[in-house]
file start_15.txt (compact mmCIF, C-alpha atoms and all ligand atoms)
# COMPACT_ATOMS: atom_id res chain seq x y z
CA MET A 241 102.88 88.65 82.34
CA GLN A 242 101.67 92.27 82.27
CA THR A 243 103.03 94.81 84.75
CA ILE A 244 100.83 96.97 86.96
CA VAL A 245 102.26 99.88 88.94
CA LEU A 246 100.92 100.86 92.35
CA SER A 247 101.33 104.26 93.95
CA LEU A 248 100.87 103.07 97.51
CA GLY A 249 100.09 105.83 100.00
CA GLY A 250 102.53 106.15 102.87
CA SER A 251 99.60 106.76 105.19
CA LEU A 252 98.35 103.22 104.46
CA VAL A 253 101.72 101.58 105.03
CA ASN A 254 102.71 103.66 108.02
CA PRO A 255 99.91 105.66 109.66
CA GLY A 256 102.13 106.32 112.71
CA THR A 257 103.48 102.85 113.22
CA PRO A 258 103.86 100.40 110.31
CA ASP A 259 100.61 98.58 109.51
CA LEU A 260 102.17 95.19 108.86
CA GLN A 261 98.82 93.42 108.81
CA TYR A 262 97.49 95.65 106.05
CA VAL A 263 100.64 95.38 103.94
CA SER A 264 100.65 91.57 104.35
CA SER A 265 97.05 91.27 103.18
CA LEU A 266 97.73 93.55 100.20
CA VAL A 267 100.78 91.46 99.27
CA ARG A 268 98.73 88.24 99.51
CA LEU A 269 96.23 89.76 97.11
CA LEU A 270 98.94 90.85 94.64
CA ARG A 271 100.50 87.37 94.70
CA SER A 272 97.16 85.74 93.92
CA THR A 273 96.87 87.63 90.60
CA LYS A 274 98.61 86.90 87.29
CA TYR A 275 100.51 90.21 87.14
CA ARG A 276 103.97 91.58 87.84
CA PHE A 277 104.10 94.71 90.02
CA GLY A 278 106.07 97.91 90.34
CA ILE A 279 105.29 99.44 93.73
CA VAL A 280 106.14 103.02 94.69
CA VAL A 281 105.54 103.77 98.35
CA GLY A 282 104.71 107.23 99.71
CA GLY A 283 106.01 108.98 102.77
CA GLY A 284 102.71 109.72 104.55
CA LYS A 285 102.84 111.23 108.03
CA LEU A 286 106.54 110.47 108.44
CA ALA A 287 107.45 112.57 105.39
CA ARG A 288 105.32 115.49 106.59
CA ILE A 289 106.81 115.44 110.11
CA TRP A 290 110.38 115.18 108.83
CA ALA A 291 109.90 117.88 106.17
CA ASP A 292 108.26 120.26 108.68
CA ALA A 293 111.07 119.72 111.17
CA MET A 294 113.59 120.62 108.46
CA ARG A 295 111.66 123.78 107.52
CA LYS A 296 111.56 124.87 111.17
CA LYS A 297 115.37 124.62 111.17
CA GLY A 298 115.42 126.97 108.15
CA ALA A 299 116.00 124.32 105.49
CA SER A 300 115.07 125.00 101.87
CA GLU A 301 112.18 123.26 100.12
CA PHE A 302 114.79 121.20 98.28
CA GLU A 303 116.23 119.99 101.57
CA ALA A 304 112.76 119.33 103.01
CA ASP A 305 112.04 117.20 99.93
CA GLU A 306 115.30 115.31 100.35
CA VAL A 307 114.35 114.37 103.88
CA ALA A 308 110.80 113.47 102.83
CA ILE A 309 112.27 111.15 100.18
CA LYS A 310 114.12 109.33 102.96
CA ALA A 311 110.76 108.74 104.66
CA THR A 312 109.31 107.28 101.44
CA LYS A 313 112.28 104.91 101.20
CA LYS A 314 111.84 103.83 104.79
CA ASN A 315 108.21 102.96 104.11
CA ALA A 316 109.17 101.28 100.84
CA GLN A 317 111.67 99.08 102.67
CA ILE A 318 108.91 97.92 105.01
CA VAL A 319 106.90 96.80 101.97
CA ALA A 320 109.88 95.09 100.30
CA ASP A 321 110.67 93.27 103.55
CA ILE A 322 107.12 91.99 103.81
CA ILE A 323 107.03 90.83 100.17
CA LYS A 324 110.33 89.07 100.92
CA LYS A 325 110.34 86.63 97.97
CA ASP A 326 110.79 87.56 94.31
CA VAL A 327 111.47 91.23 95.11
CA ASN A 328 114.50 93.54 95.21
CA ARG A 329 115.97 93.25 98.70
CA LYS A 330 116.94 96.92 98.98
CA VAL A 331 114.57 99.59 97.61
CA CYS A 332 115.64 100.99 94.22
CA ASP A 333 117.21 104.46 94.13
CA SER A 334 116.64 105.05 90.44
CA PHE A 335 114.50 103.99 87.50
CA ASP A 336 117.56 102.35 85.92
CA SER A 337 117.95 100.12 88.89
CA ALA A 338 114.18 99.40 88.97
CA ARG A 339 114.35 98.35 85.31
CA GLU A 340 117.20 95.95 86.09
CA GLN A 341 115.45 94.53 89.16
CA ALA A 342 112.23 94.05 87.17
CA LYS A 343 114.10 91.64 84.87
CA LYS A 344 114.92 89.45 87.85
CA HIS A 345 111.87 89.75 90.11
CA ARG A 346 108.08 89.75 89.94
CA PHE A 347 107.94 92.67 92.39
CA VAL A 348 109.97 95.88 92.25
CA VAL A 349 109.71 98.33 95.13
CA MET A 350 110.93 101.89 95.36
CA GLY A 351 110.27 105.16 97.18
CA GLY A 352 110.89 108.71 95.96
CA THR A 353 113.64 109.76 93.57
CA ILE A 354 114.33 113.49 93.14
CA PRO A 355 113.12 116.63 94.98
CA GLY A 356 110.22 118.56 93.50
CA ILE A 357 107.89 115.69 92.70
CA THR A 358 105.92 113.10 94.69
CA THR A 359 105.69 109.34 94.57
CA ASP A 360 102.61 109.70 92.32
CA SER A 361 104.91 110.98 89.57
CA ASP A 362 107.52 108.36 90.42
CA ALA A 363 104.83 105.70 90.00
CA VAL A 364 103.81 106.95 86.56
CA LEU A 365 107.46 107.28 85.50
CA LEU A 366 108.03 103.72 86.68
CA ALA A 367 105.01 102.63 84.63
CA GLU A 368 106.52 104.30 81.56
CA CYS A 369 109.91 102.77 82.33
CA LEU A 370 108.50 99.24 82.71
CA GLY A 371 105.94 99.55 79.92
CA ALA A 372 102.96 99.22 82.29
CA LYS A 373 99.61 100.26 80.87
CA ARG A 374 97.80 100.61 84.20
CA VAL A 375 98.58 102.55 87.39
CA LEU A 376 96.67 102.24 90.65
CA ASN A 377 96.66 105.02 93.21
CA LEU A 378 95.96 103.42 96.58
CA SER A 379 95.20 105.92 99.33
CA ASN A 380 92.79 106.70 102.16
CA ILE A 381 90.34 108.25 99.68
CA ASP A 382 87.98 106.08 97.64
CA GLY A 383 88.23 108.05 94.41
CA ILE A 384 88.58 111.52 92.96
CA TYR A 385 86.03 114.11 94.07
CA SER A 386 85.03 117.46 92.60
CA ASP A 387 86.16 119.06 95.90
CA ASN A 388 87.63 117.91 99.22
CA PRO A 389 84.90 115.50 100.46
CA VAL A 390 85.85 116.10 104.13
CA ARG A 391 85.33 119.87 103.90
CA ASN A 392 82.58 119.89 101.30
CA HIS A 393 79.79 117.33 101.77
CA ASN A 394 78.35 118.20 98.36
CA ALA A 395 81.56 117.11 96.63
CA LYS A 396 80.79 114.59 93.92
CA LYS A 397 82.84 111.50 93.16
CA PHE A 398 83.86 111.00 89.55
CA ARG A 399 83.39 107.41 88.36
CA ARG A 400 85.20 108.11 85.13
CA MET A 401 87.29 111.08 84.02
CA SER A 402 89.19 112.15 80.95
CA TYR A 403 92.88 113.06 81.17
CA ALA A 404 91.94 116.70 80.52
CA GLN A 405 89.50 116.73 83.48
CA LEU A 406 92.12 115.17 85.76
CA ILE A 407 94.78 117.70 84.75
CA ASP A 408 92.34 120.55 85.30
CA LEU A 409 91.41 119.38 88.82
CA ALA A 410 94.98 118.59 89.88
CA GLY A 411 96.13 122.00 88.63
CA LYS A 412 93.70 123.67 91.03
CA ASN A 413 95.03 121.68 94.00
CA ASP A 414 98.76 121.62 93.39
CA MET A 415 100.76 123.56 96.01
CA ARG A 416 104.24 122.04 95.50
CA LYS A 417 105.30 121.82 99.12
CA ALA A 418 107.05 118.86 100.74
CA GLY A 419 104.64 116.58 102.54
CA THR A 420 101.46 118.34 101.39
CA HIS A 421 98.49 116.52 99.86
CA PHE A 422 97.35 116.59 96.23
CA VAL A 423 94.62 114.59 94.57
CA PHE A 424 97.34 113.24 92.29
CA ASP A 425 100.53 115.20 91.64
CA PHE A 426 100.03 117.55 88.68
CA LEU A 427 103.07 116.13 86.90
CA ALA A 428 101.74 112.60 87.41
CA CYS A 429 98.51 113.67 85.69
CA LYS A 430 100.42 115.06 82.71
CA LEU A 431 102.48 111.88 82.51
CA VAL A 432 99.52 109.48 82.51
CA ALA A 433 97.98 111.63 79.78
CA ARG A 434 101.08 111.68 77.55
CA SER A 435 101.47 107.90 77.70
CA LYS A 436 97.72 107.10 77.81
CA ILE A 437 98.19 105.08 80.97
CA GLU A 438 94.93 103.98 82.60
CA ALA A 439 94.82 105.41 86.13
CA HIS A 440 92.63 103.85 88.83
CA PHE A 441 91.94 105.59 92.14
CA VAL A 442 90.61 103.32 94.88
CA HIS A 443 90.68 103.13 98.66
CA GLY A 444 93.73 101.01 99.44
CA LYS A 445 91.94 99.13 102.21
CA ASN A 446 89.07 98.08 99.97
CA LEU A 447 90.85 94.99 98.70
CA LEU A 448 87.92 93.95 96.53
CA ASP A 449 88.15 97.24 94.65
CA VAL A 450 91.94 96.94 94.52
CA ARG A 451 91.58 93.52 92.86
CA LYS A 452 89.03 94.84 90.37
CA ALA A 453 91.31 97.77 89.51
CA ILE A 454 94.29 95.46 89.02
CA GLU A 455 92.22 93.39 86.60
CA GLY A 456 90.93 96.51 84.83
CA ARG A 457 87.32 95.80 85.90
CA GLN A 458 84.74 98.33 87.08
CA HIS A 459 85.05 99.29 90.78
CA GLY A 460 83.77 101.82 93.30
CA GLY A 461 86.58 104.33 92.70
CA THR A 462 87.55 106.54 89.76
CA VAL A 463 89.02 105.49 86.42
CA VAL A 464 90.89 107.94 84.24
CA LYS A 465 91.41 106.98 80.62
P1 LIG A 501 104.52 111.33 98.86
O1 LIG A 501 104.49 110.93 97.47
O2 LIG A 501 104.31 110.35 99.93
O3 LIG A 501 103.54 112.53 99.04
O4 LIG A 501 105.89 112.02 99.12
P2 LIG A 501 102.10 112.59 99.65
O5 LIG A 501 101.25 113.22 98.60
O6 LIG A 501 102.22 113.25 100.97
O7 LIG A 501 101.57 111.08 99.75
P3 LIG A 501 100.95 110.11 100.90
O8 LIG A 501 100.54 110.92 102.08
O9 LIG A 501 102.05 109.15 101.21
O10 LIG A 501 99.81 109.44 100.21
C1 LIG A 501 106.12 112.73 100.32
C2 LIG A 501 107.00 113.91 100.03
O11 LIG A 501 108.30 113.47 99.65
C3 LIG A 501 108.87 114.34 98.69
C4 LIG A 501 107.85 115.46 98.47
O12 LIG A 501 108.15 116.47 99.40
C5 LIG A 501 106.54 114.78 98.87
O13 LIG A 501 105.55 115.70 99.26
N1 LIG A 501 109.19 113.60 97.45
C6 LIG A 501 108.65 112.37 97.22
C7 LIG A 501 110.07 114.14 96.56
O14 LIG A 501 110.57 115.26 96.74
N2 LIG A 501 110.43 113.42 95.45
C8 LIG A 501 109.91 112.20 95.20
O15 LIG A 501 110.28 111.59 94.16
C9 LIG A 501 108.98 111.66 96.10
call {"tool": "encode", "arguments": {"input": "start_15.txt", "output": "structure tokens", "more": "lines below"}}
Ligand code: UTP
result
Amino acid sequence: MQTIVLSLGGSLVNPGTPDLQYVSSLVRLLRSTKYRFGIVVGGGKLARIWADAMRKKGASEFEADEVAIKATKKNAQIVADIIKKDVNRKVCDSFDSAREQAKKHRFVVMGGTIPGITTDSDAVLLAECLGAKRVLNLSNIDGIYSDNPVRNHNAKKFRRMSYAQLIDLAGKNDMRKAGTHFVFDFLACKLVARSKIEAHFVHGKNLLDVRKAIEGRQHGGTVVK
């Protein structure tokens, strides 16, 4: 059974209060496929609020990241609890532990790991660690655009991109601040490129596209390979 890794946006799992209905329907979809899954859950709004509160108290970026990581783990635990069967009961704190849990379970769930990166990078590292050839980035955006599609209505969606194009675009958007938004973390882009991991960017709520991406079929989002 092949392994697929999901970078699951915290804003999908917990837009303010946990969206249990969404997570349950995603989990039903995952179970209905023939794959094993590594799932890395983001911090979303919770991470941003917690990190900002820390900064206001004079904390360093390192400390803001540490707190944001706690938010990712909280969201990850929600996902693990909903999966319930054939999954690690407590979210993994390290890739070593994820590797061990993956030997025992079909689903492995984790949040963030170390300050300075985001769960996008954690997801690609997990893919490398588990030997997964495909990573899915599930977020509130239905693909990668040439510019922010909310601010710029002329922004164009890429259907397919090379690793070099992805790295170029991410480099222009990377601000390295806890709880801020990137297209895909710059480091994550470099990591998919070095291991030639296929990266699919789809709207997490478009479950038809999510299924197609899992199966490596064409979908409405962006494929990087
Ligand atoms: P996310 O990966 O959730 O960032 O991590 P995000 O881009 O805001 O993603 P969404 O909104 O969930 O889609 C949240 C923050 O947690 C810290 C970083 O500060 C990051 O911005 N973090 C996360 C780390 O420092 N290390 C990690 O391994 C993961």
call {"tool": "residues_near_ligand", "arguments": {"input": "start_15.txt", "ligand": "ligand LIG 501 (chain A)", "cutoff": "9 Å", "atoms": "all atoms listed in the file", "output": "PyMOL selection string"}}
result
chain A and resi 247-254+280-288+291+301-312+351-362+377-380+416-425
call {"tool": "atom_distance", "arguments": {"input": "start_15.txt", "atom1": "atom CA of A:Gly278", "atom2": "atom CA of A:Ile323"}}
result
12.2 Å
call {"tool": "residues_around", "arguments": {"input": "start_15.txt", "residues": "A:Ala372", "least_positions_apart": "5", "cutoff": "9 Å", "atoms": "only C-alpha atoms", "output": "ChimeraX atom specification"}}
result
/A:242-245,278,364,366-367,437
call {"tool": "atom_distance", "arguments": {"input": "start_15.txt", "atom1": "atom CA of A:Met350", "atom2": "atom CA of A:Thr257"}}
result
19.4 Å
call {"tool": "atom_distance", "arguments": {"input": "start_15.txt", "atom1": "atom CA of A:Glu438", "atom2": "atom CA of A:Arg329"}}
result
28.6 Å
